[in-house]
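Visitor: So I've got this file, structure05.txt, and it contains compact mmCIF, C-alpha atoms:
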# COMPACT_ATOMS: atom_id res chain seq x y z
CA MET A 1 -8.32 -0.07 13.84
CA THR A 2 -7.88 -3.73 14.67
CA ILE A 3 -8.21 -6.65 12.32
CA GLN A 4 -11.83 -7.74 12.34
CA GLU A 5 -13.12 -11.09 11.20
CA THR A 6 -15.34 -10.16 8.26
CA THR A 7 -14.32 -11.34 4.80
CA PRO A 8 -10.69 -12.33 4.28
CA ALA A 9 -10.17 -9.43 1.85
CA GLU A 10 -11.54 -6.94 4.39
CA MET A 11 -9.29 -8.43 7.09
CA TRP A 12 -6.30 -7.89 4.81
CA LEU A 13 -7.41 -4.34 3.98
CA GLY A 14 -7.71 -3.57 7.71
CA ALA A 15 -4.15 -4.82 8.22
CA LEU A 16 -2.96 -2.72 5.26
CA ILE A 17 -4.64 0.42 6.64
CA ASP A 18 -3.08 -0.20 10.07
CA ALA A 19 0.39 -0.79 8.58
CA THR A 20 0.21 2.30 6.36
CA SER A 21 -0.99 4.45 9.25
CA GLU A 22 1.85 3.20 11.43
CA THR A 23 4.40 3.92 8.68
CA SER A 24 2.88 7.37 8.08
CA THR A 25 3.08 8.27 11.76
CA LEU A 26 6.35 6.69 12.89
CA PHE A 27 8.54 6.74 9.79
CA LEU A 28 7.31 9.62 7.64
CA GLU A 29 5.97 11.80 10.49
CA LEU A 30 2.86 12.64 8.45
CA GLY A 31 0.39 11.78 11.21
CA ASP A 32 -2.41 9.25 11.19
CA LEU A 33 -3.77 7.92 7.94
CA ARG A 34 -7.32 9.09 7.24
CA VAL A 35 -9.59 6.76 5.25
CA THR A 36 -12.03 8.78 3.14
CA ARG A 37 -13.81 5.94 1.30
CA ARG A 38 -13.86 2.13 1.05
CA SER A 39 -14.98 0.31 -2.06
CA GLU A 40 -14.58 -2.75 -4.25
CA CYS A 41 -13.20 -0.69 -7.14
CA ILE A 42 -9.76 0.04 -8.51
CA PRO A 43 -9.08 3.78 -8.29
CA ASP A 44 -8.10 5.71 -11.39
CA LEU A 45 -4.53 6.61 -10.34
CA THR A 46 -1.37 6.59 -12.43
CA HIS A 47 1.14 4.55 -10.40
CA ALA A 48 0.93 1.39 -8.31
CA GLY A 49 3.39 -0.39 -6.05
CA PHE A 50 2.68 -4.14 -5.76
CA VAL A 51 4.07 -6.56 -3.19
CA SER A 52 2.85 -10.15 -2.96
CA LEU A 53 2.29 -12.01 0.29
CA THR A 54 2.07 -15.77 -0.08
CA GLY A 55 1.17 -18.30 2.60
CA GLU A 56 -0.04 -21.86 2.91
CA ARG A 57 -3.71 -20.86 2.97
CA SER A 58 -3.80 -17.61 1.02
CA SER A 59 -2.01 -15.35 -1.40
CA ILE A 60 -2.65 -11.64 -1.89
CA GLN A 61 -1.26 -8.57 -3.59
CA VAL A 62 -0.74 -5.52 -1.38
CA VAL A 63 -1.06 -2.48 -3.65
CA ILE A 64 -0.46 1.19 -2.95
CA SER A 65 -1.67 3.44 -5.75
CA ALA A 66 -1.12 7.17 -6.22
CA SER A 67 -0.85 9.94 -8.78
CA ASN A 68 2.55 10.96 -10.15
CA ASP A 69 2.52 14.12 -7.99
CA ALA A 70 1.64 12.12 -4.88
CA CYS A 71 4.45 9.63 -5.67
CA ARG A 72 6.89 12.53 -6.00
CA GLU A 73 5.78 14.04 -2.66
CA LEU A 74 5.91 10.66 -0.94
CA ALA A 75 9.39 9.94 -2.34
CA SER A 76 10.66 13.35 -1.18
CA LYS A 77 9.29 12.74 2.31
CA PHE A 78 10.57 9.16 2.31
CA LEU A 79 14.07 10.36 1.39
CA ASN A 80 13.89 13.21 3.93
CA MET A 81 14.50 15.85 1.25
CA ASP A 82 14.40 19.61 1.73
CA GLU A 83 12.82 22.07 -0.69
CA ASP A 84 16.26 23.28 -1.84
CA ASP A 85 17.44 19.73 -2.69
CA PRO A 86 17.63 18.84 -6.41
CA GLN A 87 14.49 17.39 -8.04
CA LEU A 88 14.18 13.64 -7.89
CA THR A 89 14.53 11.69 -11.12
CA GLN A 90 11.69 9.39 -12.18
CA THR A 91 13.90 6.40 -11.33
CA GLU A 92 14.46 7.71 -7.80
CA ILE A 93 10.71 8.28 -7.38
CA VAL A 94 9.92 4.74 -8.55
CA ASP A 95 12.60 3.25 -6.26
CA ALA A 96 11.36 5.19 -3.22
CA PHE A 97 7.71 4.35 -3.94
CA GLY A 98 8.58 0.66 -4.31
CA GLU A 99 10.53 0.70 -1.06
CA PHE A 100 7.61 2.41 0.71
CA ALA A 101 5.25 -0.31 -0.58
CA ASN A 102 7.74 -2.95 0.59
CA ILE A 103 7.96 -1.49 4.11
CA VAL A 104 4.18 -1.32 4.41
CA ALA A 105 3.74 -4.88 3.07
CA GLY A 106 6.37 -6.08 5.55
CA ALA A 107 4.34 -4.52 8.37
CA VAL A 108 1.19 -6.24 7.04
CA LYS A 109 3.09 -9.55 6.97
CA GLN A 110 4.26 -9.11 10.55
CA GLN A 111 0.78 -8.17 11.76
CA VAL A 112 -0.91 -11.13 10.07
CA SER A 113 1.86 -13.62 10.92
CA GLU A 114 1.39 -12.84 14.62
CA GLN A 115 -2.31 -13.67 14.39
CA ARG A 116 -2.83 -16.21 11.63
CA GLN A 117 -0.17 -17.68 9.43
CA THR A 118 3.38 -17.42 8.19
CA MET A 119 3.64 -15.44 4.95
CA LEU A 120 6.43 -14.97 2.41
CA LEU A 121 7.04 -11.42 1.20
CA GLY A 122 7.67 -10.90 -2.52
CA LEU A 123 9.76 -8.20 -4.15
CA PRO A 124 8.14 -4.81 -4.81
CA LEU A 125 7.07 -3.97 -8.34
CA VAL A 126 6.07 -0.45 -9.39
CA VAL A 127 4.05 0.05 -12.56
CA ALA A 128 2.75 3.09 -14.38
CA GLY A 129 -0.96 2.76 -15.02
CA LYS A 130 -4.07 1.54 -13.33
CA PRO A 131 -3.94 -1.99 -11.88
CA ARG A 132 -6.14 -4.52 -13.69
CA LEU A 133 -7.78 -7.65 -12.36
CA SER A 134 -7.54 -11.04 -14.03
CA ASN A 135 -10.34 -13.59 -14.06
CA GLY A 136 -11.32 -14.70 -10.59
CA GLN A 137 -9.60 -11.85 -8.78
CA PHE A 138 -11.36 -9.61 -6.28
CA VAL A 139 -10.32 -6.20 -4.95
CA VAL A 140 -11.14 -4.15 -1.87
CA SER A 141 -9.75 -0.65 -1.62
CA ALA A 142 -9.56 2.38 0.62
CA ASP A 143 -9.01 5.94 -0.57
CA CYS A 144 -6.85 7.67 2.03
CA MET A 145 -5.06 10.85 2.99
CA MET A 146 -1.60 10.39 4.46
CA GLY A 147 -1.06 13.87 5.80
CA HIS A 148 -1.75 15.95 2.69
CA ILE A 149 -0.80 13.12 0.28
CA PRO A 150 -3.73 11.27 -1.37
CA LEU A 151 -3.32 7.57 -2.10
CA ALA A 152 -5.31 4.38 -2.38
CA LEU A 153 -4.69 1.09 -0.62
CA LEU A 154 -5.79 -2.11 -2.35
CA ILE A 155 -5.89 -5.80 -1.59
CA ILE A 156 -6.14 -8.04 -4.63
CA THR A 157 -6.98 -11.66 -3.91
CA ASN A 158 -8.56 -14.65 -5.61
CA THR A 159 -11.36 -14.93 -3.07
CA GLU A 160 -13.76 -12.54 -1.39
As a first step, turn the structure in this file into structure tokens.
Guide:
Amino acid sequence: MTIQETTPAEMWLGALIDATSETSTLFLELGDLRVTRRSECIPDLTHAGFVSLTGERSSIQVVISASNDACRELASKFLNMDEDDPQLTQTEIVDAFGEFANIVAGAVKQQVSEQRQTMLLGLPLVVAGKPRLSNGQFVVSADCMMGHIPLALLIITNTE
């Protein structure tokens, strides 16, 4: 998928899908990302990794959201763990999930910087619970399968 000029939020979501697919294929060896649904809703998942991208003309939140089980599977794959390795602690899962979100957001930044504008990448923040919007914020999301791991990709911005 290439970035298409539709709404700014959809352009960002396209870049996020591309970056996550690239990370899934090249880094995690899970194959291409498969988008199962796009919407303007926040999915009902239990964990979210946020990374802000701020530029002169726009500011967004890149969000990757997943269930606790999906976070655990993603962290195990991210850390190249075998089945006989000890179970990850919740802290290790959160750290790995945050780093995954950071890598993907960095790829989004690189993709958009090449085409549009210079962006600053914030630090990753992982929270337990469903993301919430404040007044004036807008979300576009894509439910996806990364190999066998379900997750949702979100762009939160102040404009459509």
Visitor: Just how far from atom CA of Asp84 of chain A is atom CA of Leu45 of chain A, in Å to one decimal?
Guide: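 Computing it gives 28.0 Å between the two atoms.
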Visitor: Counting all atoms listed in the file, select every polymer residue within 12 Å of (-8.1, -15.2, -5.6) as defined in the file's coordinates, and provide the selection as a PyMOL selection string.
Guide: chain A and resi 8-9+54+57-61+133-139+155-160
Visitor: Record the distance separating atom CA of Leu125 of chain A and atom CA of Phe50 of chain A, expressed in Å with one decimal.
Guide: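 Computing the Euclidean distance for atom CA of Leu125 of chain A and atom CA of Phe50 of chain A yields 5.1 Å.
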Visitor: Name the residues in contact with segment 12-17 of chain A at a cut-off of 9 Å, using all atoms listed in the file, excluding same-chain residues fewer than 3 positions from it; report them as a PyMOL selection string.
Guide: chain A and resi 1-4+7-9+20-22+33+35+60+62+104-105+107-109+111-112+140-142+144+153-155
Visitor: Could those residues be written to a file, using C-alpha atoms, as an mmCIF file, in the frame of the given file?
Guide:
data_model
loop_
_atom_site.group_PDB
_atom_site.id
_atom_site.type_symbol
_atom_site.label_atom_id
_atom_site.label_comp_id
_atom_site.auth_asym_id
_atom_site.auth_seq_id
_atom_site.Cartn_x
_atom_site.Cartn_y
_atom_site.Cartn_z
ATOM 1 C CA MET A 1 -8.320 -0.070 13.840
ATOM 2 C CA THR A 2 -7.880 -3.730 14.670
ATOM 3 C CA ILE A 3 -8.210 -6.650 12.320
ATOM 4 C CA GLN A 4 -11.830 -7.740 12.340
ATOM 5 C CA THR A 7 -14.320 -11.340 4.800
ATOM 6 C CA PRO A 8 -10.690 -12.330 4.280
ATOM 7 C CA ALA A 9 -10.170 -9.430 1.850
ATOM 8 C CA THR A 20 0.210 2.300 6.360
ATOM 9 C CA SER A 21 -0.990 4.450 9.250
ATOM 10 C CA GLU A 22 1.850 3.200 11.430
ATOM 11 C CA LEU A 33 -3.770 7.920 7.940
ATOM 12 C CA VAL A 35 -9.590 6.760 5.250
ATOM 13 C CA ILE A 60 -2.650 -11.640 -1.890
ATOM 14 C CA VAL A 62 -0.740 -5.520 -1.380
ATOM 15 C CA VAL A 104 4.180 -1.320 4.410
ATOM 16 C CA ALA A 105 3.740 -4.880 3.070
ATOM 17 C CA ALA A 107 4.340 -4.520 8.370
ATOM 18 C CA VAL A 108 1.190 -6.240 7.040
ATOM 19 C CA LYS A 109 3.090 -9.550 6.970
ATOM 20 C CA GLN A 111 0.780 -8.170 11.760
ATOM 21 C CA VAL A 112 -0.910 -11.130 10.070
ATOM 22 C CA VAL A 140 -11.140 -4.150 -1.870
ATOM 23 C CA SER A 141 -9.750 -0.650 -1.620
ATOM 24 C CA ALA A 142 -9.560 2.380 0.620
ATOM 25 C CA CYS A 144 -6.850 7.670 2.030
ATOM 26 C CA LEU A 153 -4.690 1.090 -0.620
ATOM 27 C CA LEU A 154 -5.790 -2.110 -2.350
ATOM 28 C CA ILE A 155 -5.890 -5.800 -1.590
#
Visitor: Point out the residue among A:Arg72, A:Gln110, A:Arg37, A:Asn80 with the least atom-to-atom distance to Asp95 of chain A, counting all atoms listed in the file.
Guide: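 Using all atoms listed in the file, Asp95 of chain A sits closest to A:Arg72.
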Visitor: Which distance in Å separates atom CA of Lys77 of chain A and atom CA of Leu28 of chain A, to one decimal?
Guide: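 Going from atom CA of Lys77 of chain A over to atom CA of Leu28 of chain A, I get 6.5 Å.
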Visitor: Kindly indicate which residue among A:Leu120, A:Ala101, A:Leu26, A:Ala66 lies nearest to Gly49 of chain A, using all atoms listed in the file for the distances.
Guide: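 Result for the nearest residue to Gly49 of chain A: A:Ala101.
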Visitor: Which residue, A:Asp69, A:Asp44, A:Asp18, A:Glu10, has the smallest gap to Gly129 of chain A when you use all atoms listed in the file?
Guide: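 Looking only at the distances to Gly129 of chain A, the closest residue turns out to be A:Asp44.
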Visitor: Residues within 8 Å of Leu151 of chain A, please, as JSON, numbers by chain. Count only C-alpha atoms; anything in the same chain fewer than 6 positions from it doesn't count.
Guide: {"A": [64, 65, 66, 67, 70, 143, 144, 145]}
Visitor: Those same residues - C-alpha atoms - I'd like them written as a PDB file, in the coordinates of the input.
Guide:
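As a result, out22.pdb now contains:
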ATOM      1  CA  ILE A  64      -0.460   1.190  -2.950  1.00  0.00           C
ATOM      2  CA  SER A  65      -1.670   3.440  -5.750  1.00  0.00           C
ATOM      3  CA  ALA A  66      -1.120   7.170  -6.220  1.00  0.00           C
ATOM      4  CA  SER A  67      -0.850   9.940  -8.780  1.00  0.00           C
ATOM      5  CA  ALA A  70       1.640  12.120  -4.880  1.00  0.00           C
ATOM      6  CA  ASP A 143      -9.010   5.940  -0.570  1.00  0.00           C
ATOM      7  CA  CYS A 144      -6.850   7.670   2.030  1.00  0.00           C
ATOM      8  CA  MET A 145      -5.060  10.850   2.990  1.00  0.00           C
TER       9      MET A 145
END
